[in-house]
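Please read the structure below before turning to the comments.
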Amino acid sequence: MGSSGKQRTGQDQTIAVAGMLGLTLSVGAALWHHMTQTAGGEPLEFVFLIVMLAVLLPLTALYALRARWSYAAGAIACIGFPASVVKAWLDNTLYLTAGLYNALVVVTLIVAVAVIVSSLRLLHKDPPVGWHAVTAIGGLAALATAVALIGNESAGRIAEVNARLVMQRMRRDLAELSTLEDRIAYVVAEGDLAGATVGIVVDDELVWTGAFGEGIAEDTTFNIGSIAKPVVATAVMQLVEQGRIDVEADIDDYLPFSVRHPDYPDVPITTEMLLTHQSCIAHHTPVYAAHMDRDAYLEWDAAKRGRSIYGEIVQTADHPDYGALIQGYLTPDGAYYTPDAWLSCAPGTQYNYSSPAYDLLGYVVEQVSGQSLDVYLQEAVFSPLGMARTGRLSEQPPFPQATPTERVYGVVSKANLAVPFYGSARVGGGGLYSTVPDMAAFLIAHLNQGQAADVQVLQPETVALMHRPRVASSADLGMEAYGYGWTHYQDQPWQFWGTLFPFYGAAGHGGSDIGYRSRMFAVEKSEGGFGVVVLTSTTTYLKWDNLWYFSAPLQLEKLAMEEAQRLWELEHQG
């Protein structure tokens with residue numbers, strides 16, 4: 001071998017050793033980061049990092065000793081890095097946006113490729129022979145397999161350790177902060193929330209508000225998701241007060257078409273069944289969503305994910321009239337029908353959360369009132385309560401609106417993806433935007449027997465009917481029952497990953513949609529009570545992140561409710 005060949009071999013050996021050391025340090029740092037930060041690690045991702053670290057540690061030593069048979073094992077091991085990127089791409093969770101961590105991922109990938117190339121060159125110039133190479137590669141493969149099996153078996157425990165470390169650190173950090181604003185700002189930063197607004201209600205007054213995130217103000221509008229349900233339930237109960245709707249009557253009495261479960265055609269579906277989620281209409285199907293959601297989101301979804309969650313439906317989806325869609329979707333011979341639209345239960349027998357059921361309620365309000373639901377809500381609910389910035393979602397929002405953001409965090413990608421503003425054909429199960437002050441006015445009315453300021457939107461006895469628990473359910477964490485558009489939570493605190501989450505016997509509703517999460521909860525007292533409205537513009541629809549859910553959104557609600565209770569006690573007991 002000439003001097004140039006020896007020089008090239010020496011360079012390859014230097015690159016291979018330095019690269020292997022860099023990869024080992026990078027994986028170790030990533031594992032520590034994911035174990036101690038709200039970084040979006042999943043059990044499978046932890047297993048990947050642990051396996052890579054277990055293999056890279058001995059390989060780094062062997063590379064330093066220039067054991068030529070280790071190069072084959074190193075090249076094979078380093079394929080795991082580009083393979084993980086390919087898997088993330090196939091899973092539609094690879095979004096490398098600008099950021100330090102994503103830059104490090106790219107650098108790590110480049111280093112891994114450099115190690116693979118240099119290792120293959122060294123193998124080509126001086127290939128290993130005999131049983132040494134086979135034994136070494138087989139031994140490392142066995143080690144990787146053993147660590148993977150142990151890791152998979154212990155994945156849940158690893159994730160729990162991760163969560164406890166994160167929660168312990170957050171509790172320590174929060175304990176050092178003296179104001180609610182600082183604590184919420186800390187959680188917003190920790191969870192990388194694009195925007196959040198928080199309001200605290202005590203009795204009949206909005207006593208505290210806070211806005212967090214770039215361009216976010218107290219009157220910034222957010223998609224409130226399923227908080228539209230208690231709004232529509234309020235409209236229904238107004239018509240009940242007027243004697244125009246009987247909650248126990250067949251909804252066919254109020255519709256220009258018949259709605260019947262195909263398997264139980266003799267069982268009438270009542271307004272009460274719709275209000276309490278006992279109609280057995282399924283929550284969501286791809287067919288329903290494709291026709292209900294607006295084009296801006298559908299096109300973004302297909303472009304970002306490489307394929308739409310709705311498949312080929314999007315290519316033929318139209319946006320029919322509100323009533324035509326509901327009729328065509330729920331009727332077996334309808335234009336938009338799918339058997340998945342109905343669950344296997346008989347109406348009235350069990351709780352099954354359903355946004356389409358509330359969309360149907362919205363259409364009932366239209367038919368009974370003779371007005372579009374938009375107009376009815378504006379005249380009967382929003383305007384009387386001074387909710388000037390509440391209305392139907394639009395692709396061109398009439399007021400400044402928080403940009404919907406999807407959090408896609410994992411070992412490979414850490415990105416917040418901005419979703420375009422989108423509208424909806426729905427106003428019932430969702431489809432509304434609002435603000436903290438507006439929703440606080442709505443909540444105050446429900447806390448004060450239907451009255452806010454001098455406006456009586458519902459009679460006290462009607463509010464009591466709405467709020468009364470009617471069907472038991474544990475569909476949500478801490479949930480006990482559901483009334484007429486009103487969720488009830490247990491009054492006993494519960495723990496998760498060592499963190500206490502007290503709900504104080506709260507009631508109200510939550511909501512979420514692409515890029516948004518919203519909560520409106522209150523604790524009713526003999527007179528008034530206390531409650532919170534929390535609106536955020538970041539969610540995890542594309543890639544669910546359990547730890548993030550508990551350490552960011554749920555923490556915001558916990559902090560706000562604790563402060564609301566403290567302020568109420570000062571007012572009434574201090």
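Naming works like this for the structure tokens: A, B, ... for the chains as they're shown, residue 1 at the start of each chain, ligands 1 onward in shown order.
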
Using DSSP assignments from the backbone, pull out every residue in range 277-484 of chain A that falls under strand (DSSP E) and give it to me as a PDB file with C-alpha atoms, in the first residue's frame.
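Saved the output as selection.pdb:
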```pdb
ATOM      1  CA  GLY A 391     -69.070  32.799  15.993  1.00  0.00           C
ATOM      2  CA  ARG A 392     -68.625  30.136  13.349  1.00  0.00           C
ATOM      3  CA  THR A 405     -50.399  24.398  15.838  1.00  0.00           C
ATOM      4  CA  GLU A 406     -49.699  20.678  15.852  1.00  0.00           C
ATOM      5  CA  ARG A 407     -46.917  19.391  18.111  1.00  0.00           C
ATOM      6  CA  VAL A 408     -44.904  16.583  16.490  1.00  0.00           C
ATOM      7  CA  TYR A 409     -42.234  15.657  19.023  1.00  0.00           C
ATOM      8  CA  LYS A 414     -39.219  18.105  17.421  1.00  0.00           C
ATOM      9  CA  ALA A 415     -41.479  20.499  15.588  1.00  0.00           C
ATOM     10  CA  ASN A 416     -44.553  22.673  16.003  1.00  0.00           C
ATOM     11  CA  LEU A 417     -46.421  22.728  12.703  1.00  0.00           C
ATOM     12  CA  ALA A 418     -48.620  25.722  11.884  1.00  0.00           C
ATOM     13  CA  LEU A 432     -67.096  27.869  16.995  1.00  0.00           C
ATOM     14  CA  TYR A 433     -64.373  30.363  17.801  1.00  0.00           C
ATOM     15  CA  SER A 434     -64.407  32.444  20.973  1.00  0.00           C
ATOM     16  CA  GLN A 451     -78.117  35.133  34.634  1.00  0.00           C
ATOM     17  CA  ALA A 452     -75.137  37.284  33.662  1.00  0.00           C
ATOM     18  CA  VAL A 455     -79.513  39.158  31.235  1.00  0.00           C
ATOM     19  CA  GLN A 456     -81.430  35.947  31.949  1.00  0.00           C
ATOM     20  CA  VAL A 471     -75.647   9.194  32.728  1.00  0.00           C
ATOM     21  CA  ALA A 472     -72.543   7.748  34.367  1.00  0.00           C
ATOM     22  CA  MET A 479     -65.043  12.115  34.701  1.00  0.00           C
ATOM     23  CA  GLU A 480     -68.065  10.730  36.573  1.00  0.00           C
ATOM     24  CA  ALA A 481     -71.186  11.678  34.643  1.00  0.00           C
ATOM     25  CA  TYR A 482     -72.764  13.750  31.882  1.00  0.00           C
TER      26      TYR A 482
END
```

Selection: 8 Å around range 11-26 of chain A, only C-alpha atoms, excl. self and same-chain fewer than 4 positions, as JSON, numbers by chain: {"A": [7, 30, 53, 56, 57, 59, 60, 63, 64, 66, 108, 111, 112, 114, 115, 116, 118, 119, 121, 122]}

How close does each residue of range 445-485 of chain A get to range 229-243 of chain A, giving the shortest atom pair and distance in Å to one decimal for every residue with an atom at most 12 Å away, counting only C-alpha atoms, sorted by chain and residue number, as a Markdown table?
```
| residue | atom | partner | partner_atom | distance |
| --- | --- | --- | --- | --- |
| A:Ala445 | CA | A:Thr234 | CA | 10.6 |
| A:His446 | CA | A:Thr234 | CA | 9.5 |
| A:Gly450 | CA | A:Thr234 | CA | 9.6 |
| A:Gln456 | CA | A:Gln238 | CA | 10.7 |
| A:Val457 | CA | A:Gln238 | CA | 7.6 |
| A:Leu458 | CA | A:Gln238 | CA | 6.4 |
| A:Gln459 | CA | A:Glu241 | CA | 8.0 |
| A:Pro460 | CA | A:Glu241 | CA | 11.0 |
| A:Glu461 | CA | A:Glu241 | CA | 9.8 |
| A:Thr462 | CA | A:Met237 | CA | 7.0 |
| A:Val463 | CA | A:Thr234 | CA | 8.6 |
| A:Ala464 | CA | A:Met237 | CA | 11.1 |
| A:Leu465 | CA | A:Met237 | CA | 9.1 |
| A:Met466 | CA | A:Met237 | CA | 7.9 |
| A:His467 | CA | A:Pro230 | CA | 10.0 |
| A:Tyr482 | CA | A:Pro230 | CA | 11.2 |
| A:Gly483 | CA | A:Pro230 | CA | 9.8 |
| A:Tyr484 | CA | A:Ala233 | CA | 6.3 |
| A:Gly485 | CA | A:Pro230 | CA | 4.4 |
```

Env of Gly334 in chain A: 12 Å cut, atoms = only C-alpha atoms, seq-sep filter 4 positions within chain, self excluded. Answer as a list in words. Phe257, Ser258, Val259, Gly323, Ala324, Leu325, Ile326, Gln327, Gly328, Tyr329, Leu330, Thr338, Pro339 and Ala341 of chain A

Surrounding residues of Thr487 in chain A excluding itself and chain neighbours under 6 positions, 12 Å, only C-alpha atoms, as a PDB file with C-alpha atoms, in the first residue's frame:
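The result, written out as result_33.pdb:
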```pdb
ATOM      1  CA  SER A 226     -66.531  20.754  21.841  1.00  0.00           C
ATOM      2  CA  ILE A 227     -67.281  23.629  24.209  1.00  0.00           C
ATOM      3  CA  LYS A 229     -71.832  21.474  22.924  1.00  0.00           C
ATOM      4  CA  PRO A 230     -72.981  23.286  26.105  1.00  0.00           C
ATOM      5  CA  LEU A 275     -78.086  15.732  24.773  1.00  0.00           C
ATOM      6  CA  THR A 276     -76.706  12.938  26.968  1.00  0.00           C
ATOM      7  CA  HIS A 277     -74.786  11.048  24.232  1.00  0.00           C
ATOM      8  CA  TYR A 353     -69.730  10.474  23.131  1.00  0.00           C
ATOM      9  CA  MET A 466     -78.889  20.931  32.368  1.00  0.00           C
ATOM     10  CA  HIS A 467     -76.325  20.503  35.108  1.00  0.00           C
ATOM     11  CA  ARG A 468     -77.886  17.467  36.778  1.00  0.00           C
ATOM     12  CA  PRO A 469     -75.804  14.310  36.155  1.00  0.00           C
ATOM     13  CA  ARG A 470     -77.901  11.922  34.077  1.00  0.00           C
ATOM     14  CA  VAL A 471     -75.647   9.194  32.728  1.00  0.00           C
ATOM     15  CA  ALA A 472     -72.543   7.748  34.367  1.00  0.00           C
ATOM     16  CA  SER A 473     -69.351   7.820  32.332  1.00  0.00           C
ATOM     17  CA  SER A 474     -65.612   7.591  32.814  1.00  0.00           C
ATOM     18  CA  ALA A 475     -64.831   8.457  29.196  1.00  0.00           C
ATOM     19  CA  ASP A 476     -62.447  11.224  30.290  1.00  0.00           C
ATOM     20  CA  LEU A 477     -59.875  11.257  33.096  1.00  0.00           C
ATOM     21  CA  GLY A 478     -61.617  12.064  36.367  1.00  0.00           C
ATOM     22  CA  MET A 479     -65.043  12.115  34.701  1.00  0.00           C
ATOM     23  CA  GLU A 480     -68.065  10.730  36.573  1.00  0.00           C
ATOM     24  CA  ALA A 481     -71.186  11.678  34.643  1.00  0.00           C
ATOM     25  CA  PHE A 503     -60.818  18.634  40.015  1.00  0.00           C
ATOM     26  CA  GLY A 505     -66.041  18.364  41.741  1.00  0.00           C
ATOM     27  CA  ALA A 506     -65.850  20.619  38.692  1.00  0.00           C
ATOM     28  CA  ALA A 507     -68.337  20.577  35.847  1.00  0.00           C
ATOM     29  CA  GLY A 508     -68.432  22.168  32.417  1.00  0.00           C
ATOM     30  CA  HIS A 509     -66.916  20.983  29.165  1.00  0.00           C
ATOM     31  CA  GLY A 510     -63.681  20.543  27.293  1.00  0.00           C
ATOM     32  CA  GLY A 511     -62.892  20.618  23.626  1.00  0.00           C
ATOM     33  CA  ARG A 519     -61.422  23.870  28.748  1.00  0.00           C
ATOM     34  CA  MET A 520     -64.284  25.561  30.630  1.00  0.00           C
ATOM     35  CA  PHE A 521     -64.856  24.229  34.152  1.00  0.00           C
ATOM     36  CA  ALA A 522     -66.581  25.528  37.274  1.00  0.00           C
ATOM     37  CA  VAL A 523     -67.416  24.493  40.804  1.00  0.00           C
TER      38      VAL A 523
END
```

Computed interatomic separation between CA of Val419 in chain A and CA of Ala194 in chain A (Å):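 CA of Ala194 in chain A lies at a distance of 11.7 Å from CA of Val419 in chain A.
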
So what do you get for CA of Tyr363 in chain A versus CA of Gly423 in chain A, distance-wise?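 Rounded to one decimal, the two atoms are 17.8 Å apart.
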
Judged by only C-alpha atoms, the minimum distance to Ala425 in chain A among A:Tyr337, A:Tyr71, A:Trp568, A:Tyr288 is found for A:Tyr288

What lies within 8 Å of Gly429 in chain A using only C-alpha atoms, ignoring chain neighbours under 6 positions off, as a ChimeraX atom specification? /A:225-226,228-229,354-359

File dump, residues just selected, N, CA and C atoms, as a JSON list (two decimals), in the first residue's frame:
```json
[["chain", "number", "residue", "atom", "x", "y", "z"],
["A", 225, "GLY", "N", -63.62, 24.09, 19.99],
["A", 225, "GLY", "CA", -63.92, 22.67, 19.87],
["A", 225, "GLY", "C", -65.27, 22.30, 20.47],
["A", 226, "SER", "N", -65.27, 21.30, 21.31],
["A", 226, "SER", "CA", -66.53, 20.75, 21.84],
["A", 226, "SER", "C", -67.17, 21.60, 22.93],
["A", 228, "ALA", "N", -68.56, 24.00, 22.17],
["A", 228, "ALA", "CA", -69.78, 24.34, 21.44],
["A", 228, "ALA", "C", -70.97, 23.51, 21.93],
["A", 229, "LYS", "N", -70.73, 22.34, 22.49],
["A", 229, "LYS", "CA", -71.83, 21.47, 22.92],
["A", 229, "LYS", "C", -72.68, 22.11, 24.02],
["A", 354, "SER", "N", -70.58, 11.67, 21.18],
["A", 354, "SER", "CA", -70.84, 11.81, 19.74],
["A", 354, "SER", "C", -70.99, 13.27, 19.35],
["A", 355, "SER", "N", -70.04, 13.78, 18.59],
["A", 355, "SER", "CA", -70.17, 15.12, 18.03],
["A", 355, "SER", "C", -71.26, 15.18, 16.96],
["A", 356, "PRO", "N", -71.39, 14.19, 16.05],
["A", 356, "PRO", "CA", -72.49, 14.25, 15.09],
["A", 356, "PRO", "C", -73.87, 14.32, 15.74],
["A", 357, "ALA", "N", -74.01, 13.73, 16.94],
["A", 357, "ALA", "CA", -75.30, 13.83, 17.62],
["A", 357, "ALA", "C", -75.62, 15.28, 17.97],
["A", 358, "TYR", "N", -74.60, 16.03, 18.37],
["A", 358, "TYR", "CA", -74.81, 17.44, 18.68],
["A", 358, "TYR", "C", -74.95, 18.29, 17.41],
["A", 359, "ASP", "N", -74.34, 17.85, 16.31],
["A", 359, "ASP", "CA", -74.61, 18.51, 15.04],
["A", 359, "ASP", "C", -76.08, 18.35, 14.67]]
```

For Gln555 in chain A, which residue among A:Leu361, A:Ile79, A:Met35, A:Met167 is the nearest when counting only C-alpha atoms? A:Met167

Could you write out, as a ChimeraX atom specification, all the residues of range 14-252 of chain A that DSSP marks as alpha helix (DSSP H)? /A:14-36,43-64,70-78,80-90,100-125,131-153,155-175,180-190,228-241

For Gly529 in chain A, which of A:Gly195, A:Leu500, A:Leu385, A:Glu571 is the closest residue, counting only C-alpha atoms?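 The answer is A:Glu571, which sits nearest to Gly529 in chain A.
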
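Separating CA of Pro332 in chain A from CA of Val287 in chain A is a distance of 13.7 Å.
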
I'd like the neighbourhood of range 204-217 of chain A as a ChimeraX atom specification, where a residue qualifies if any of its atoms comes within 7 Å (using only C-alpha atoms), though same-chain residues fewer than 2 positions away should be ignored. /A:181,185,194-202,219-220,402,440,444,448,528
